[in-house]
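Comments concern the structure below.
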Amino acid sequence: MPRTLTVAAAQLGPIQMAEPRSVAVERMLRLLERGKARGAELVVFPELALTTFFPRHYYETIEEADPWFETAMPSNETAPLFAAARKWGIGFHLGYAEIAEEPDEAGRMRKRRFNTAILVGPEGDILLKYRKIHLPGHAERDPRRSVQHLEKRYFEVGDLGFPVIRAPMGGLAGVNMGMMICNDRRWPESWRVLGLQKVELVMLGYNTPSTNQEGQGFEAHHLRVFHSHLSIQAGAYQNSCFAVATAKAGVENGCELFGHSIIVDPQGEIIAMATSWDDELITADCNLDLCGLGRASVFAFEKHRRPEHYGRITSQVGAVDPPVWERKAAE
Ligand code: CDT
């Protein structure tokens with residue numbers, strides 16, 4: 001019997017600033033119901049799924065942005081998602097902005113803000129939490145940009161690493177599941193840390209502008225989606241896992257985000273893709289045994305990895321100049 005899990009990417013169309021969480025949750029419940037009808041056992045919602053992508057808006061004090069954050073999970077507003085998961089026996093992945101009253105690295109209790117995702121099991125338990133590590137953008141208002149990307153202002157770097165959990169999902173007794181969020185997908189380090197924990201299914205949500213907002217050189221529009229897919233397909237292939245990558249798409253208060261949510265198999269092939277930039281559910285039956293092929297051959301880590309030569313990856317952040325070649329004096 002193959003170990004098959006039916007997964008869904010529940011892409012969301014735009015959420016405008018004025019739209020309350022209850023509207024987003026109502027739309028997500030409809031997608032969950034559609035997922036149930038199509039046999040999905042695990043539904044993946046996007047990054048910051050409950051609100052507009054607020055880091056594009058500048059607030060002088062960070063506290064002014066607090067209304068975009070959740071202080072509890074579940075909350076009154078999100079409880080219906082947990083109830084639906086229990087009623088239909090479906091797991092789900094949800095991205096949201098989190099405020100936690102927690103000790104920091106120095107042991108000081110304070111309000112901490114993260115770009116977070118959780119994995120909820122079919123009985124409504126939170127099985128896994130991840131806090132985004134690769135925060136893109138900038139911390140101060142950038143007058144050169146027409147649209148801001150202030151994730152470095154509103155969020156701290158995640159402190160939970162890239163965790164993987166083995167838990168029952170759908171009809172399977174144990175599935176190795178891990179998460180990353182949006183920009184993390186562009187960094188092979190994120191994938192490898194999950195791969196080193198035998199991840200079988202990576203879930204990720206994203207909010208990606210469909211044009212380059214930085215205005216530092218030309219980037220053709222089609223490359224935006226290409227780079228997203230390239231990163232996800234490479235990550236899945238090189239770590240022999242499935243990936244479900246779900247967008248928030250469409251025009252939010254004049255700012256366009258691309259869709260093209262995908263489900264990718266361990267060969268790196270796209271096995272389902274969204275075609276709209278609106279609420280849309282795509283599904284795929286994932287035979288998790290397919291993760292075994294790469295792991296037993298080209299990506300048998302235990303046989304082929306050479307960590308003694310990878311020191312720079314963890315000891316160095318920026319790139320350094322190589323030595324300059326010089327002709328050796330004739331002997
Ligand atoms: N949300 C998020 O992380 N977005 C970034 C935009 C960066 S622009 C290349 C992303 O990597 O998609």
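Order determines the names: the first chain of the structure tokens is A, the second B, and so forth; residues in each chain are numbered 1 upward, and ligands are numbered 1 upward as they are shown.
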
List all protein, DNA and RNA residues that have at least one atom no more than 9 Å from any atom of ligand 1, counting only C-alpha atoms and all ligand atoms, and write them as number ranges by chain.
-> A: 47-48, 53, 55, 132, 134-137, 149, 151, 181-186, 205-214, 224, 227-228

Pull the strand (DSSP E) assignments for region 94-257 of chain A out of DSSP run on the backbone, and list those residues as an MDAnalysis selection string.
-> chainID A and resid 94:103 109:120 126:131 164:169 172:181 201:206 242:247 250:252 255:257

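Atom to atom, CA of Arg295 (chain A) and CA of Ser240 (chain A) stand 6.3 Å apart.
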
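When CA of Val251 (chain A) is paired with CA of Met17 (chain A), their separation reads 11.3 Å.
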
Quick one: of A:Glu26, A:Glu123, A:Asp321, A:Asp289, who's nearest to Gly170 (chain A), counting only C-alpha atoms?
->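 Selected residue with least distance to Gly170 (chain A): A:Glu123.
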
Using only C-alpha atoms, determine which residues lie at most 8 Å from Arg141 (chain A), disregarding the query and same-chain residues fewer than 6 positions distant; provide the list as a list in words.
->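 My reading of the contact set: Tyr58, Gln148 and Leu150 of chain A.
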
Please dump the current selection as a PDB file, in the first residue's frame; keep N, CA, C and O atoms.
ATOM      1  N   TYR A  58       3.796  51.756   6.318  1.00  0.00           N
ATOM      2  CA  TYR A  58       4.707  52.277   7.338  1.00  0.00           C
ATOM      3  C   TYR A  58       3.922  52.848   8.515  1.00  0.00           C
ATOM      4  O   TYR A  58       3.016  53.659   8.331  1.00  0.00           O
ATOM      5  N   GLN A 148       6.559  49.973   0.317  1.00  0.00           N
ATOM      6  CA  GLN A 148       7.511  49.559   1.353  1.00  0.00           C
ATOM      7  C   GLN A 148       7.468  48.036   1.560  1.00  0.00           C
ATOM      8  O   GLN A 148       6.496  47.375   1.203  1.00  0.00           O
ATOM      9  N   LEU A 150       8.415  46.253   4.971  1.00  0.00           N
ATOM     10  CA  LEU A 150       8.956  46.542   6.296  1.00  0.00           C
ATOM     11  C   LEU A 150       8.950  45.336   7.253  1.00  0.00           C
ATOM     12  O   LEU A 150       8.762  45.486   8.463  1.00  0.00           O
TER      13      LEU A 150
END

Residues within 8 Å of Leu194 (chain A), only C-alpha atoms, excluding chain neighbours under 4 positions, as JSON, numbers by chain = {"A": [162, 163, 164, 178, 190, 198, 199]}

List the neighbours of Phe242 (chain A) out to 9 Å using only C-alpha atoms; skip same-chain residues closer than 3 positions along the sequence, and give me the result as number ranges by chain.
-> A: 199-203, 236-237, 239, 263-268, 286, 288, 290-291

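When CA of Val324 (chain A) is paired with CA of Glu308 (chain A), their separation reads 24.4 Å.
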
Contact residues around Val7 (chain A) with only C-alpha atoms at 6 Å, ignoring same-chain residues under 4 positions, as an NGL selection string | :A and (40-43 or 283-284)

Write out as a list in words each polymer residue whose atoms come within 9 Å of Leu31 (chain A), counting only C-alpha atoms; drop sequence neighbours fewer than 4 positions from it.
-> Ala10, Gln11, Glu26, Arg27, Gly35, Lys36, Val43, Asp279, Glu280 and Leu281 of chain A

Those in region 5-204 of chain A with alpha helix (DSSP H) from DSSP, as an MDAnalysis selection string | chainID A and resid 21:37 79:88 151:154 188:195

Pick from A:Thr314, A:Glu101, A:Pro20, A:Gly215: nearest to Arg144 (chain A), with only C-alpha atoms counted?
-> A:Gly215
